[in-house]
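Colleague: Structure: structure-v2.pdb, PDB, C-alpha atoms, pLDDT in the B column.
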ATOM      1  CA  MET A   1      59.673  79.374  26.057  1.00 41.00           C
ATOM      2  CA  GLN A   2      58.908  75.691  25.721  1.00 51.00           C
ATOM      3  CA  GLN A   3      60.608  73.650  23.003  1.00 72.00           C
ATOM      4  CA  ASP A   4      58.454  71.693  20.565  1.00 86.00           C
ATOM      5  CA  PRO A   5      58.659  67.922  21.151  1.00 91.00           C
ATOM      6  CA  LEU A   6      61.552  66.333  19.257  1.00 91.00           C
ATOM      7  CA  ILE A   7      60.383  63.723  16.770  1.00 94.00           C
ATOM      8  CA  VAL A   8      63.123  61.396  15.508  1.00 93.00           C
ATOM      9  CA  ILE A   9      62.635  59.274  12.395  1.00 94.00           C
ATOM     10  CA  VAL A  10      64.639  56.110  11.759  1.00 92.00           C
ATOM     11  CA  GLY A  11      64.300  53.385   9.157  1.00 92.00           C
ATOM     12  CA  VAL A  12      66.015  51.426   6.433  1.00 90.00           C
ATOM     13  CA  CYS A  13      67.499  53.219   3.428  1.00 88.00           C
ATOM     14  CA  ALA A  14      64.834  54.620   1.085  1.00 90.00           C
ATOM     15  CA  SER A  15      62.029  54.013   3.579  1.00 93.00           C
ATOM     16  CA  GLY A  16      61.000  57.669   3.429  1.00 94.00           C
ATOM     17  CA  LYS A  17      62.921  59.279   6.307  1.00 93.00           C
ATOM     18  CA  THR A  18      63.998  62.393   4.411  1.00 93.00           C
ATOM     19  CA  THR A  19      60.641  62.770   2.675  1.00 95.00           C
ATOM     20  CA  LEU A  20      58.725  62.514   5.935  1.00 97.00           C
ATOM     21  CA  SER A  21      61.122  64.804   7.770  1.00 96.00           C
ATOM     22  CA  ARG A  22      60.866  67.530   5.132  1.00 96.00           C
ATOM     23  CA  GLY A  23      57.089  67.253   5.042  1.00 97.00           C
ATOM     24  CA  LEU A  24      56.688  67.419   8.804  1.00 96.00           C
ATOM     25  CA  LYS A  25      59.163  70.301   9.106  1.00 95.00           C
ATOM     26  CA  ALA A  26      57.122  72.206   6.523  1.00 95.00           C
ATOM     27  CA  LEU A  27      54.123  71.681   8.803  1.00 95.00           C
ATOM     28  CA  GLY A  28      56.030  73.129  11.761  1.00 93.00           C
ATOM     29  CA  TYR A  29      57.186  69.996  13.582  1.00 95.00           C
ATOM     30  CA  ASN A  30      60.573  69.686  15.305  1.00 93.00           C
ATOM     31  CA  VAL A  31      61.938  66.678  13.400  1.00 94.00           C
ATOM     32  CA  ARG A  32      65.302  64.969  12.956  1.00 91.00           C
ATOM     33  CA  THR A  33      66.215  61.924  10.935  1.00 88.00           C
ATOM     34  CA  PHE A  34      68.860  59.509  12.042  1.00 74.00           C
ATOM     35  CA  ALA A  35      70.737  57.136   9.752  1.00 70.00           C
ATOM     36  CA  GLN A  36      70.867  54.400  12.384  1.00 55.00           C
ATOM     37  CA  GLU A  37      71.028  51.794   9.626  1.00 55.00           C
ATOM     38  CA  HIS A  38      74.614  52.918   8.879  1.00 54.00           C
ATOM     39  CA  SER A  39      75.751  52.809  12.496  1.00 54.00           C
ATOM     40  CA  VAL A  40      77.648  50.087  14.304  1.00 55.00           C
ATOM     41  CA  SER A  41      75.626  50.650  17.475  1.00 56.00           C
ATOM     42  CA  ARG A  42      71.984  49.571  17.678  1.00 56.00           C
ATOM     43  CA  ARG A  43      71.268  52.197  20.313  1.00 61.00           C
ATOM     44  CA  LEU A  44      73.028  55.214  18.842  1.00 69.00           C
ATOM     45  CA  TRP A  45      69.682  56.843  17.992  1.00 68.00           C
ATOM     46  CA  GLN A  46      69.063  57.268  21.735  1.00 69.00           C
ATOM     47  CA  ARG A  47      71.677  60.032  21.874  1.00 73.00           C
ATOM     48  CA  LEU A  48      69.143  62.336  20.249  1.00 74.00           C
ATOM     49  CA  ASP A  49      66.809  61.719  23.223  1.00 85.00           C
ATOM     50  CA  PRO A  50      63.601  61.939  21.196  1.00 89.00           C
ATOM     51  CA  ASP A  51      60.230  62.718  22.698  1.00 92.00           C
ATOM     52  CA  TYR A  52      58.647  60.577  19.983  1.00 94.00           C
ATOM     53  CA  LEU A  53      60.319  57.925  17.823  1.00 94.00           C
ATOM     54  CA  ILE A  54      58.932  57.014  14.405  1.00 96.00           C
ATOM     55  CA  TYR A  55      60.196  53.858  12.721  1.00 95.00           C
ATOM     56  CA  LEU A  56      59.747  53.517   8.958  1.00 95.00           C
ATOM     57  CA  GLU A  57      60.015  50.202   7.208  1.00 94.00           C
ATOM     58  CA  CYS A  58      59.591  48.983   3.691  1.00 94.00           C
ATOM     59  CA  SER A  59      60.469  45.913   1.670  1.00 94.00           C
ATOM     60  CA  TYR A  60      63.697  45.420  -0.199  1.00 93.00           C
ATOM     61  CA  GLU A  61      61.679  45.353  -3.436  1.00 92.00           C
ATOM     62  CA  THR A  62      60.283  48.813  -2.655  1.00 92.00           C
ATOM     63  CA  ILE A  63      63.770  50.141  -1.956  1.00 91.00           C
ATOM     64  CA  ARG A  64      64.907  48.906  -5.377  1.00 89.00           C
ATOM     65  CA  ARG A  65      61.929  50.617  -7.035  1.00 89.00           C
ATOM     66  CA  ARG A  66      62.549  53.895  -5.208  1.00 87.00           C
ATOM     67  CA  LYS A  67      66.302  54.119  -5.470  1.00 83.00           C
ATOM     68  CA  ARG A  68      69.139  52.754  -7.500  1.00 82.00           C
ATOM     69  CA  VAL A  69      71.067  50.797  -4.876  1.00 81.00           C
ATOM     70  CA  SER A  70      74.273  48.913  -5.480  1.00 79.00           C
ATOM     71  CA  TRP A  71      73.802  46.563  -2.554  1.00 81.00           C
ATOM     72  CA  GLY A  72      71.755  43.445  -2.071  1.00 86.00           C
ATOM     73  CA  VAL A  73      69.326  41.850   0.315  1.00 90.00           C
ATOM     74  CA  ARG A  74      72.090  40.942   2.792  1.00 92.00           C
ATOM     75  CA  ARG A  75      72.781  44.607   3.499  1.00 90.00           C
ATOM     76  CA  TYR A  76      69.041  45.195   3.845  1.00 91.00           C
ATOM     77  CA  GLN A  77      68.876  42.403   6.420  1.00 92.00           C
ATOM     78  CA  ARG A  78      71.869  43.921   8.225  1.00 89.00           C
ATOM     79  CA  GLN A  79      70.061  47.264   8.349  1.00 89.00           C
ATOM     80  CA  LEU A  80      67.035  45.564   9.886  1.00 91.00           C
ATOM     81  CA  ARG A  81      69.248  44.027  12.578  1.00 89.00           C
ATOM     82  CA  LEU A  82      70.893  47.389  13.332  1.00 87.00           C
ATOM     83  CA  LEU A  83      67.457  48.959  13.614  1.00 88.00           C
ATOM     84  CA  SER A  84      65.987  46.268  15.867  1.00 89.00           C
ATOM     85  CA  ASP A  85      66.393  48.301  19.073  1.00 88.00           C
ATOM     86  CA  ALA A  86      64.788  51.389  17.541  1.00 89.00           C
ATOM     87  CA  ARG A  87      61.983  49.249  16.132  1.00 91.00           C
ATOM     88  CA  SER A  88      61.259  47.688  19.517  1.00 92.00           C
ATOM     89  CA  GLN A  89      61.169  51.088  21.212  1.00 92.00           C
ATOM     90  CA  ALA A  90      59.372  53.065  18.507  1.00 95.00           C
ATOM     91  CA  ASP A  91      56.288  55.003  19.460  1.00 96.00           C
ATOM     92  CA  PHE A  92      54.887  54.643  15.948  1.00 97.00           C
ATOM     93  CA  MET A  93      55.779  52.282  13.107  1.00 97.00           C
ATOM     94  CA  VAL A  94      54.796  52.868   9.509  1.00 97.00           C
ATOM     95  CA  ARG A  95      55.222  50.474   6.613  1.00 97.00           C
ATOM     96  CA  THR A  96      55.757  52.903   3.743  1.00 96.00           C
ATOM     97  CA  ASP A  97      55.565  50.574   0.719  1.00 96.00           C
ATOM     98  CA  GLY A  98      52.133  51.726  -0.448  1.00 94.00           C
ATOM     99  CA  PHE A  99      52.415  55.433   0.319  1.00 96.00           C
ATOM    100  CA  SER A 100      53.193  58.274  -2.048  1.00 95.00           C
ATOM    101  CA  PRO A 101      55.339  60.973  -0.383  1.00 94.00           C
ATOM    102  CA  GLU A 102      52.272  63.186   0.144  1.00 96.00           C
ATOM    103  CA  GLN A 103      50.239  60.326   1.590  1.00 97.00           C
ATOM    104  CA  LEU A 104      53.017  59.424   4.024  1.00 97.00           C
ATOM    105  CA  VAL A 105      53.307  62.965   5.364  1.00 97.00           C
ATOM    106  CA  SER A 106      49.530  63.303   5.643  1.00 97.00           C
ATOM    107  CA  PHE A 107      49.155  59.927   7.387  1.00 97.00           C
ATOM    108  CA  VAL A 108      51.823  60.674  10.003  1.00 97.00           C
ATOM    109  CA  HIS A 109      50.595  64.254  10.479  1.00 96.00           C
ATOM    110  CA  ARG A 110      47.065  62.981  11.205  1.00 96.00           C
ATOM    111  CA  HIS A 111      48.490  60.460  13.671  1.00 96.00           C
ATOM    112  CA  LEU A 112      50.568  63.076  15.505  1.00 96.00           C
ATOM    113  CA  THR A 113      47.700  65.549  15.563  1.00 93.00           C
ATOM    114  CA  GLY A 114      45.434  62.867  17.001  1.00 93.00           C
ATOM    115  CA  LEU A 115      47.902  62.342  19.836  1.00 90.00           C
ATOM    116  CA  GLY A 116      48.246  66.064  20.464  1.00 89.00           C
ATOM    117  CA  ILE A 117      51.925  65.939  19.510  1.00 86.00           C
ATOM    118  CA  GLY A 118      53.675  68.580  17.661  1.00 64.00           C
ATOM    119  CA  ARG A 119      53.129  71.899  16.352  1.00 57.00           C
ATOM    120  CA  ARG A 120      52.927  74.525  18.999  1.00 50.00           C
ATOM    121  CA  GLU A 121      51.373  77.697  17.677  1.00 46.00           C
ATOM    122  CA  HIS A 122      54.343  79.999  17.228  1.00 42.00           C
ATOM    123  CA  GLY A 123      53.951  83.359  18.859  1.00 39.00           C
ATOM    124  CA  SER A 124      51.764  82.020  21.675  1.00 37.00           C
TER     125      SER A 124
END
If you convert what's in this file into structure tokens, what do you get?

Modeller:
Amino acid sequence: MQQDPLIVIVGVCASGKTTLSRGLKALGYNVRTFAQEHSVSRRLWQRLDPDYLIYLECSYETIRRRKRVSWGVRRYQRQLRLLSDARSQADFMVRTDGFSPEQLVSFVHRHLTGLGIGRREHGS
């Protein structure tokens, strides 16, 4: 039995990692999120050995609209630095500022489907 490709999602806080992961899992994808932005190692995400890496980004202003955060733009900039390796190696980057949760899931699902990535028909 062949394992579905592992899709790993990284991005700054409140960029939509959990939302996208839940949405793609509901569609049958093998997805994991990784809070690389809280790590001390820029390459820690590689331990998951993803088949496909999705990088989500959004502006600091969007983060503040989406979530009540107690930290400032300096921490946001630090997160961007910690994510620089993942960003440079990402297979797909999405700027999530203008997406609703449903739009984000639909957009990424269409992209993955177009590449033939993802959802193996279970039972086949």

Colleague: For a cutoff of 12 Å around the file-coordinate point (52.5, 49.0, 1.3), which residues qualify once you count all atoms listed in the file? I'd like the result as a list in words.

Modeller: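 Using all atoms listed in the file, the matching residues come out as Ser15, Leu56, Glu57, Cys58, Ser59, Tyr60, Glu61, Thr62, Ile63, Val94, Arg95, Thr96, Asp97, Gly98, Phe99, Ser100, Gln103 and Leu104 of chain A.
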
Colleague: May I ask for the distance between atom CA of A:Gly116 and atom CA of A:Ala86, given in Å to one decimal place?

Modeller: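 Pair atom CA of A:Gly116 / atom CA of A:Ala86 returns 22.3 Å.
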
Colleague: Quick one, how far is atom CA of A:Pro50 from atom CA of A:Arg81?

Modeller: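 Between atom CA of A:Pro50 and atom CA of A:Arg81 the gap is 20.7 Å.
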
Colleague: Counting only C-alpha atoms, figure out which residue out of A:Tyr55, A:Tyr29, A:Tyr76, A:Phe92 gets nearest to A:Lys17.

Modeller: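 Residue with the minimum atom-to-atom distance to A:Lys17: A:Tyr55.
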
Colleague: Selection in question (the file shown): the PyMOL selection byres ((chain A and resi 89) around 12). Which residues does it include, as a list in words?

Modeller: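 Taken over the shown coordinates, the PyMOL selection byres ((chain A and resi 89) around 12) returns Val8, Val10, Arg42, Arg43, Trp45, Gln46, Pro50, Asp51, Tyr52, Leu53, Ile54, Tyr55, Leu83, Ser84, Asp85, Ala86, Arg87, Ser88, Ala90, Asp91, Phe92 and Met93 of chain A.
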
Colleague: Place a sphere of radius 12 Å on (53.6, 71.2, 7.6) in the file coordinates and name every protein, DNA or RNA residue with an atom inside or on its surface, counting only C-alpha atoms; give the answer as a ChimeraX atom specification.

Modeller: /A:20-31,102,105-106,108-110,112-113,118-120

Colleague: Could you state the separation of atom CA of A:Ala35 and atom CA of A:His111 in Å, given to one decimal place?

Modeller: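 For atom CA of A:Ala35 relative to atom CA of A:His111, the distance reads 22.8 Å.
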